[in-house]
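Colleague: Below is a structure I'd like to ask you about.
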Amino acid sequence: MSLKLENISKGFGRKPLLNEVFLEIDNNEIVGLFGRNGTGKSTLLKIIFGLLKPDSGIILMDGKYFPCRRIIASGKIAFLPQDSFLPKNRKVREIIPLFFPNGNDQDQVFYAKGVADFCHKKIGELSLGQLRYLEVLLIGNLQHPYLLLDEPFSMIEPVYKEYIQNFILTLKNSKGILLTDHYYLDVLKVSNRNLLLKDQGLLPIQNENDLITNRYLTKN
């Protein structure tokens, strides 16, 4: 089983971002995606999820073609966006049942490490780390076989960063995950394979030195 992009191209006005991009993600691996701001990382994720229509190219899931308009409704891809999506005036213990009406499914979030410390709080009262950890738990525990994570580690406390990393690793055996974040060391800790989005295409990345060679990082 795999999620495959073939010949995906996308531009805005006269600015091309993606040019005939090929990408395949198996449903038991974590793929790290790097790229400088403005290179099209979030655009690529939104195309995969069906929020943006590519100018050309197709998306296949498990060998079956999915047009853009059908991807979200397919129930196969879950997406964690950069920006928070939870209502700030609702308590955590009220939010969880909205995602998981079944009590057994709720337990996966309620009893996740550290959640008891803040489940009584309103969303707007959570720290950045608590909020991001909760969002990753909610999205990651859905039954969707493919998962897109846009900056799950950015600007959060170390303890919750560790919780998120450990949780993502538990998902590897059941999901295909595409993960992008500028906190590159955190991505390298969990990924099986890495790619750099540069010059409108994807380059394979083996280690930190490759990121330096391709000028994503400086030698310092």
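Ordered as shown in the structure tokens, chains take letters A, B, and onward, while each chain numbers its residues from 1 and ligands are numbered from 1 in the order shown.
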Among segment 95-158 of chain A, which ones does DSSP place in strand (DSSP E or B), written as a ChimeraX atom specification?

Modeller: /A:122,146-150

Colleague: Just write the chosen residues, N, CA and C atoms, as an mmCIF file, in the first residue's frame.

Modeller:
data_model
loop_
_atom_site.group_PDB
_atom_site.id
_atom_site.type_symbol
_atom_site.label_atom_id
_atom_site.label_comp_id
_atom_site.auth_asym_id
_atom_site.auth_seq_id
_atom_site.Cartn_x
_atom_site.Cartn_y
_atom_site.Cartn_z
ATOM 1 N N LYS A 122 -9.101 24.753 29.244
ATOM 2 C CA LYS A 122 -9.616 25.181 27.951
ATOM 3 C C LYS A 122 -8.469 25.212 26.938
ATOM 4 N N TYR A 146 -2.807 7.399 5.959
ATOM 5 C CA TYR A 146 -1.742 8.329 5.609
ATOM 6 C C TYR A 146 -1.889 9.605 6.427
ATOM 7 N N LEU A 147 -0.750 10.154 6.831
ATOM 8 C CA LEU A 147 -0.742 11.284 7.749
ATOM 9 C C LEU A 147 0.250 12.336 7.270
ATOM 10 N N LEU A 148 -0.218 13.578 7.194
ATOM 11 C CA LEU A 148 0.621 14.712 6.815
ATOM 12 C C LEU A 148 0.788 15.621 8.024
ATOM 13 N N LEU A 149 2.021 15.918 8.396
ATOM 14 C CA LEU A 149 2.301 16.734 9.572
ATOM 15 C C LEU A 149 3.106 17.960 9.152
ATOM 16 N N ASP A 150 2.504 19.143 9.299
ATOM 17 C CA ASP A 150 3.157 20.390 8.917
ATOM 18 C C ASP A 150 3.625 21.120 10.171
#

Colleague: Can you write out as CSV which residues of segment 16-46 of chain A fall within 12 Å of segment 60-79 of chain A, alongside each residue's closest atom pair and its distance in Å to one decimal, counting only C-alpha atoms and ordering rows by chain and ascending residue number?

Modeller:
residue,atom,partner,partner_atom,distance
A:Phe22,CA,A:Leu60,CA,11.3
A:Leu23,CA,A:Leu60,CA,10.4
A:Glu24,CA,A:Leu60,CA,9.2
A:Ile25,CA,A:Met61,CA,9.6
A:Asp26,CA,A:Asp62,CA,9.2
A:Asn27,CA,A:Asp62,CA,9.4
A:Ser42,CA,A:Phe79,CA,11.0
A:Leu44,CA,A:Phe79,CA,12.0
A:Leu45,CA,A:Phe79,CA,8.2
A:Lys46,CA,A:Phe79,CA,8.5

Colleague: Go ahead and write the selection's residues with all heavy atoms as a PDB file, in the first residue's frame.

Modeller:
ATOM      1  N   PHE A  22       7.704  13.858  -8.280  1.00  0.00           N
ATOM      2  CA  PHE A  22       7.358  12.461  -7.996  1.00  0.00           C
ATOM      3  C   PHE A  22       7.616  12.194  -6.518  1.00  0.00           C
ATOM      4  O   PHE A  22       8.652  12.572  -5.985  1.00  0.00           O
ATOM      5  CB  PHE A  22       8.212  11.498  -8.831  1.00  0.00           C
ATOM      6  CG  PHE A  22       7.800  11.392 -10.269  1.00  0.00           C
ATOM      7  CD1 PHE A  22       8.218  12.340 -11.191  1.00  0.00           C
ATOM      8  CD2 PHE A  22       6.981  10.356 -10.692  1.00  0.00           C
ATOM      9  CE1 PHE A  22       7.855  12.244 -12.519  1.00  0.00           C
ATOM     10  CE2 PHE A  22       6.607  10.255 -12.030  1.00  0.00           C
ATOM     11  CZ  PHE A  22       7.043  11.198 -12.943  1.00  0.00           C
ATOM     12  N   LEU A  23       6.680  11.515  -5.869  1.00  0.00           N
ATOM     13  CA  LEU A  23       6.842  11.168  -4.452  1.00  0.00           C
ATOM     14  C   LEU A  23       6.023   9.928  -4.154  1.00  0.00           C
ATOM     15  O   LEU A  23       4.854   9.834  -4.562  1.00  0.00           O
ATOM     16  CB  LEU A  23       6.387  12.329  -3.562  1.00  0.00           C
ATOM     17  CG  LEU A  23       6.324  12.061  -2.052  1.00  0.00           C
ATOM     18  CD1 LEU A  23       7.706  11.745  -1.491  1.00  0.00           C
ATOM     19  CD2 LEU A  23       5.720  13.269  -1.327  1.00  0.00           C
ATOM     20  N   GLU A  24       6.626   8.972  -3.452  1.00  0.00           N
ATOM     21  CA  GLU A  24       5.892   7.780  -3.025  1.00  0.00           C
ATOM     22  C   GLU A  24       6.149   7.543  -1.545  1.00  0.00           C
ATOM     23  O   GLU A  24       7.287   7.599  -1.085  1.00  0.00           O
ATOM     24  CB  GLU A  24       6.300   6.551  -3.831  1.00  0.00           C
ATOM     25  CG  GLU A  24       5.483   5.308  -3.491  1.00  0.00           C
ATOM     26  CD  GLU A  24       5.691   4.167  -4.468  1.00  0.00           C
ATOM     27  OE1 GLU A  24       6.557   4.293  -5.361  1.00  0.00           O
ATOM     28  OE2 GLU A  24       4.983   3.153  -4.354  1.00  0.00           O
ATOM     29  N   ILE A  25       5.065   7.289  -0.798  1.00  0.00           N
ATOM     30  CA  ILE A  25       5.151   7.032   0.638  1.00  0.00           C
ATOM     31  C   ILE A  25       4.458   5.712   0.930  1.00  0.00           C
ATOM     32  O   ILE A  25       3.263   5.551   0.652  1.00  0.00           O
ATOM     33  CB  ILE A  25       4.472   8.157   1.451  1.00  0.00           C
ATOM     34  CG1 ILE A  25       5.071   9.520   1.095  1.00  0.00           C
ATOM     35  CG2 ILE A  25       4.603   7.897   2.951  1.00  0.00           C
ATOM     36  CD1 ILE A  25       4.269  10.688   1.651  1.00  0.00           C
ATOM     37  N   ASP A  26       5.193   4.755   1.448  1.00  0.00           N
ATOM     38  CA  ASP A  26       4.593   3.490   1.868  1.00  0.00           C
ATOM     39  C   ASP A  26       3.857   3.691   3.186  1.00  0.00           C
ATOM     40  O   ASP A  26       4.152   4.614   3.948  1.00  0.00           O
ATOM     41  CB  ASP A  26       5.672   2.417   2.029  1.00  0.00           C
ATOM     42  CG  ASP A  26       6.291   2.022   0.705  1.00  0.00           C
ATOM     43  OD1 ASP A  26       5.602   2.114  -0.325  1.00  0.00           O
ATOM     44  OD2 ASP A  26       7.478   1.638   0.695  1.00  0.00           O
ATOM     45  N   ASN A  27       2.919   2.805   3.468  1.00  0.00           N
ATOM     46  CA  ASN A  27       2.108   3.011   4.676  1.00  0.00           C
ATOM     47  C   ASN A  27       2.780   2.471   5.943  1.00  0.00           C
ATOM     48  O   ASN A  27       2.135   2.268   6.953  1.00  0.00           O
ATOM     49  CB  ASN A  27       0.716   2.400   4.516  1.00  0.00           C
ATOM     50  CG  ASN A  27       0.720   0.888   4.630  1.00  0.00           C
ATOM     51  OD1 ASN A  27       1.732   0.240   4.360  1.00  0.00           O
ATOM     52  ND2 ASN A  27      -0.399   0.332   5.029  1.00  0.00           N
ATOM     53  N   SER A  42       4.437  23.498   2.230  1.00  0.00           N
ATOM     54  CA  SER A  42       3.032  23.502   2.641  1.00  0.00           C
ATOM     55  C   SER A  42       2.107  23.362   1.440  1.00  0.00           C
ATOM     56  O   SER A  42       1.052  22.715   1.527  1.00  0.00           O
ATOM     57  CB  SER A  42       2.705  24.784   3.414  1.00  0.00           C
ATOM     58  OG  SER A  42       3.386  24.820   4.655  1.00  0.00           O
ATOM     59  N   LEU A  44       2.738  21.621  -1.231  1.00  0.00           N
ATOM     60  CA  LEU A  44       2.744  20.203  -1.588  1.00  0.00           C
ATOM     61  C   LEU A  44       1.817  19.408  -0.668  1.00  0.00           C
ATOM     62  O   LEU A  44       1.042  18.567  -1.129  1.00  0.00           O
ATOM     63  CB  LEU A  44       4.172  19.651  -1.515  1.00  0.00           C
ATOM     64  CG  LEU A  44       4.350  18.186  -1.900  1.00  0.00           C
ATOM     65  CD1 LEU A  44       3.926  17.946  -3.342  1.00  0.00           C
ATOM     66  CD2 LEU A  44       5.800  17.751  -1.697  1.00  0.00           C
ATOM     67  N   LEU A  45       1.874  19.676   0.637  1.00  0.00           N
ATOM     68  CA  LEU A  45       1.008  18.971   1.575  1.00  0.00           C
ATOM     69  C   LEU A  45      -0.460  19.264   1.299  1.00  0.00           C
ATOM     70  O   LEU A  45      -1.312  18.360   1.374  1.00  0.00           O
ATOM     71  CB  LEU A  45       1.356  19.352   3.018  1.00  0.00           C
ATOM     72  CG  LEU A  45       2.354  18.425   3.735  1.00  0.00           C
ATOM     73  CD1 LEU A  45       3.700  18.405   3.022  1.00  0.00           C
ATOM     74  CD2 LEU A  45       2.554  18.865   5.188  1.00  0.00           C
ATOM     75  N   LYS A  46      -0.774  20.514   0.983  1.00  0.00           N
ATOM     76  CA  LYS A  46      -2.171  20.874   0.706  1.00  0.00           C
ATOM     77  C   LYS A  46      -2.667  20.224  -0.576  1.00  0.00           C
ATOM     78  O   LYS A  46      -3.847  19.874  -0.678  1.00  0.00           O
ATOM     79  CB  LYS A  46      -2.304  22.396   0.623  1.00  0.00           C
ATOM     80  CG  LYS A  46      -2.162  23.087   1.978  1.00  0.00           C
ATOM     81  CD  LYS A  46      -2.217  24.597   1.854  1.00  0.00           C
ATOM     82  CE  LYS A  46      -2.039  25.265   3.209  1.00  0.00           C
ATOM     83  NZ  LYS A  46      -2.039  26.755   3.090  1.00  0.00           N
TER      84      LYS A  46
END

Colleague: Smallest atom-to-atom distance to Leu142 of chain A: which of A:Leu33, A:Leu17, A:Ile96, A:Ile8, using only C-alpha atoms?

Modeller: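 Of A:Leu33, A:Leu17, A:Ile96, A:Ile8, the one nearest Leu142 of chain A, counting only C-alpha atoms, is A:Ile96.
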
Colleague: Counting only C-alpha atoms, which of A:Asn37, A:Thr218, A:Asn7, A:Asn19 gets nearest to Asp199 of chain A?

Modeller: A:Asn19

Colleague: Might you pull out every residue within 9 Å of segment 171-187 of chain A, with only C-alpha atoms counted and same-chain residues fewer than 3 positions away left off, and present them as an NGL selection string?

Modeller: :A and (2-3 or 25-36 or 41-42 or 45 or 140-141 or 144-154 or 161-162 or 165 or 167-168 or 190-191 or 194 or 208)

Colleague: Would you save the residues from that selection as a CSV table (one decimal), in the first residue's frame, using N, CA and C atoms?

Modeller:
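Output saved as selection-v4.csv:
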chain,number,residue,atom,x,y,z
A,2,SER,N,0.5,2.2,-0.8
A,2,SER,CA,1.3,3.4,-0.9
A,2,SER,C,0.5,4.6,-1.4
A,3,LEU,N,1.0,5.8,-1.1
A,3,LEU,CA,0.5,7.0,-1.6
A,3,LEU,C,1.5,7.6,-2.6
A,25,ILE,N,5.1,7.3,-0.8
A,25,ILE,CA,5.2,7.0,0.6
A,25,ILE,C,4.5,5.7,0.9
A,26,ASP,N,5.2,4.8,1.4
A,26,ASP,CA,4.6,3.5,1.9
A,26,ASP,C,3.9,3.7,3.2
A,27,ASN,N,2.9,2.8,3.5
A,27,ASN,CA,2.1,3.0,4.7
A,27,ASN,C,2.8,2.5,5.9
A,28,ASN,N,4.1,2.3,5.9
A,28,ASN,CA,4.8,1.9,7.1
A,28,ASN,C,6.1,2.6,7.2
A,29,GLU,N,6.1,3.9,6.8
A,29,GLU,CA,7.4,4.7,6.9
A,29,GLU,C,7.1,6.1,7.2
A,30,ILE,N,8.1,6.8,7.7
A,30,ILE,CA,8.1,8.2,8.0
A,30,ILE,C,9.0,8.9,7.0
A,31,VAL,N,8.5,9.8,6.2
A,31,VAL,CA,9.3,10.6,5.3
A,31,VAL,C,9.5,12.0,5.7
A,32,GLY,N,10.7,12.5,5.9
A,32,GLY,CA,11.0,13.8,6.3
A,32,GLY,C,11.1,14.7,5.1
A,33,LEU,N,10.5,15.9,5.1
A,33,LEU,CA,10.5,16.8,4.0
A,33,LEU,C,11.1,18.1,4.5
A,34,PHE,N,12.2,18.5,3.9
A,34,PHE,CA,12.9,19.8,4.2
A,34,PHE,C,12.8,20.8,3.0
A,35,GLY,N,13.0,22.0,3.4
A,35,GLY,CA,13.0,23.1,2.3
A,35,GLY,C,12.9,24.4,3.0
A,36,ARG,N,13.5,25.4,2.3
A,36,ARG,CA,13.5,26.7,2.8
A,36,ARG,C,12.1,27.3,2.7
A,41,LYS,N,6.7,23.6,0.4
A,41,LYS,CA,6.4,22.5,1.3
A,41,LYS,C,4.9,22.4,1.7
A,42,SER,N,4.4,23.5,2.2
A,42,SER,CA,3.0,23.5,2.6
A,42,SER,C,2.1,23.4,1.4
A,45,LEU,N,1.9,19.7,0.6
A,45,LEU,CA,1.0,19.0,1.6
A,45,LEU,C,-0.5,19.3,1.3
A,140,GLY,N,-3.4,12.0,14.7
A,140,GLY,CA,-2.7,10.7,14.6
A,140,GLY,C,-3.5,9.5,14.9
A,141,ASN,N,-4.4,9.6,15.8
A,141,ASN,CA,-5.2,8.5,16.3
A,141,ASN,C,-6.4,8.2,15.4
A,144,HIS,N,-7.2,7.0,9.5
A,144,HIS,CA,-6.6,7.3,8.1
A,144,HIS,C,-5.2,6.6,8.0
A,145,PRO,N,-5.0,5.9,6.9
A,145,PRO,CA,-3.7,5.2,6.7
A,145,PRO,C,-2.5,6.2,6.4
A,146,TYR,N,-2.8,7.4,6.0
A,146,TYR,CA,-1.7,8.3,5.6
A,146,TYR,C,-1.9,9.6,6.4
A,147,LEU,N,-0.7,10.2,6.8
A,147,LEU,CA,-0.7,11.3,7.7
A,147,LEU,C,0.2,12.3,7.3
A,148,LEU,N,-0.2,13.6,7.2
A,148,LEU,CA,0.6,14.7,6.8
A,148,LEU,C,0.8,15.6,8.0
A,149,LEU,N,2.0,15.9,8.4
A,149,LEU,CA,2.3,16.7,9.6
A,149,LEU,C,3.1,18.0,9.2
A,150,ASP,N,2.5,19.1,9.3
A,150,ASP,CA,3.2,20.4,8.9
A,150,ASP,C,3.6,21.1,10.2
A,151,GLU,N,4.9,21.0,10.4
A,151,GLU,CA,5.6,21.7,11.6
A,151,GLU,C,5.0,21.3,13.0
A,152,PRO,N,5.1,20.0,13.3
A,152,PRO,CA,4.6,19.6,14.6
A,152,PRO,C,5.6,19.9,15.8
A,153,PHE,N,6.8,20.3,15.5
A,153,PHE,CA,7.8,20.5,16.5
A,153,PHE,C,8.1,22.0,16.8
A,154,SER,N,7.6,22.9,16.0
A,154,SER,CA,8.1,24.3,16.0
A,154,SER,C,7.6,25.0,17.3
A,161,LYS,N,7.8,18.0,22.9
A,161,LYS,CA,8.5,17.6,21.6
A,161,LYS,C,8.8,16.1,21.7
A,162,GLU,N,9.3,15.7,22.9
A,162,GLU,CA,9.7,14.3,23.1
A,162,GLU,C,8.4,13.4,23.0
A,165,GLN,N,7.4,13.0,19.4
A,165,GLN,CA,8.3,12.1,18.6
A,165,GLN,C,8.0,10.7,19.0
A,167,PHE,N,5.2,9.4,20.0
A,167,PHE,CA,3.9,9.0,19.5
A,167,PHE,C,4.0,8.8,18.0
A,168,ILE,N,4.7,9.7,17.3
A,168,ILE,CA,4.9,9.5,15.8
A,168,ILE,C,5.6,8.1,15.5
A,190,VAL,N,13.2,10.8,13.8
A,190,VAL,CA,12.0,9.9,13.6
A,190,VAL,C,11.9,9.4,12.2
A,191,SER,N,12.5,10.0,11.2
A,191,SER,CA,12.2,9.7,9.8
A,191,SER,C,13.0,8.5,9.4
A,194,ASN,N,14.4,10.8,3.9
A,194,ASN,CA,14.3,12.3,3.9
A,194,ASN,C,14.5,12.9,2.5
A,208,GLU,N,22.7,15.0,7.8
A,208,GLU,CA,22.8,16.5,8.0
A,208,GLU,C,23.8,17.1,7.0

Colleague: Excluding Asn209 of chain A and residues on its chain fewer than 6 positions from it, collect all residues at most 10 Å away from it, counting only C-alpha atoms, and give them as number ranges by chain.

Modeller: A: 215-219

Colleague: Please write the residues from the selection above to a file, keeping C-alpha atoms, as an mmCIF file, in the first residue's frame.

Modeller:
data_model
loop_
_atom_site.group_PDB
_atom_site.id
_atom_site.type_symbol
_atom_site.label_atom_id
_atom_site.label_comp_id
_atom_site.auth_asym_id
_atom_site.auth_seq_id
_atom_site.Cartn_x
_atom_site.Cartn_y
_atom_site.Cartn_z
ATOM 1 C CA ARG A 215 22.549 24.865 1.189
ATOM 2 C CA TYR A 216 19.544 24.209 3.373
ATOM 3 C CA LEU A 217 21.956 24.546 6.327
ATOM 4 C CA THR A 218 25.170 26.513 6.696
ATOM 5 C CA LYS A 219 28.408 24.867 7.847
#

Colleague: Can you tell me, as a PyMOL selection string, which residues in segment 34-218 of chain A count as helix (DSSP H, G or I) by DSSP?

Modeller: chain A and resi 41-49+68-74+92-99+103-110+115-117+123-125+128-140+158-171+184-190+208-213

Colleague: Atom CA of Ile156 of chain A and atom CA of Asn89 of chain A, how far apart in Å?

Modeller: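 Answer for the atom CA of Asn89 of chain A to atom CA of Ile156 of chain A separation: 21.1 Å.
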
Colleague: Considering only C-alpha atoms, return as a list in words whatever protein or nucleic-acid residues lie within 10 Å of Gly124 of chain A, sequence-local ones (same chain, fewer than 2 positions apart) excluded.

Modeller: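 Using only C-alpha atoms, the neighbours found are Leu86, Pro87, Lys88, Asn89, Arg90, Lys91, Val92, Lys121, Lys122, Leu126, Ser127, Leu128 and Leu131 of chain A.
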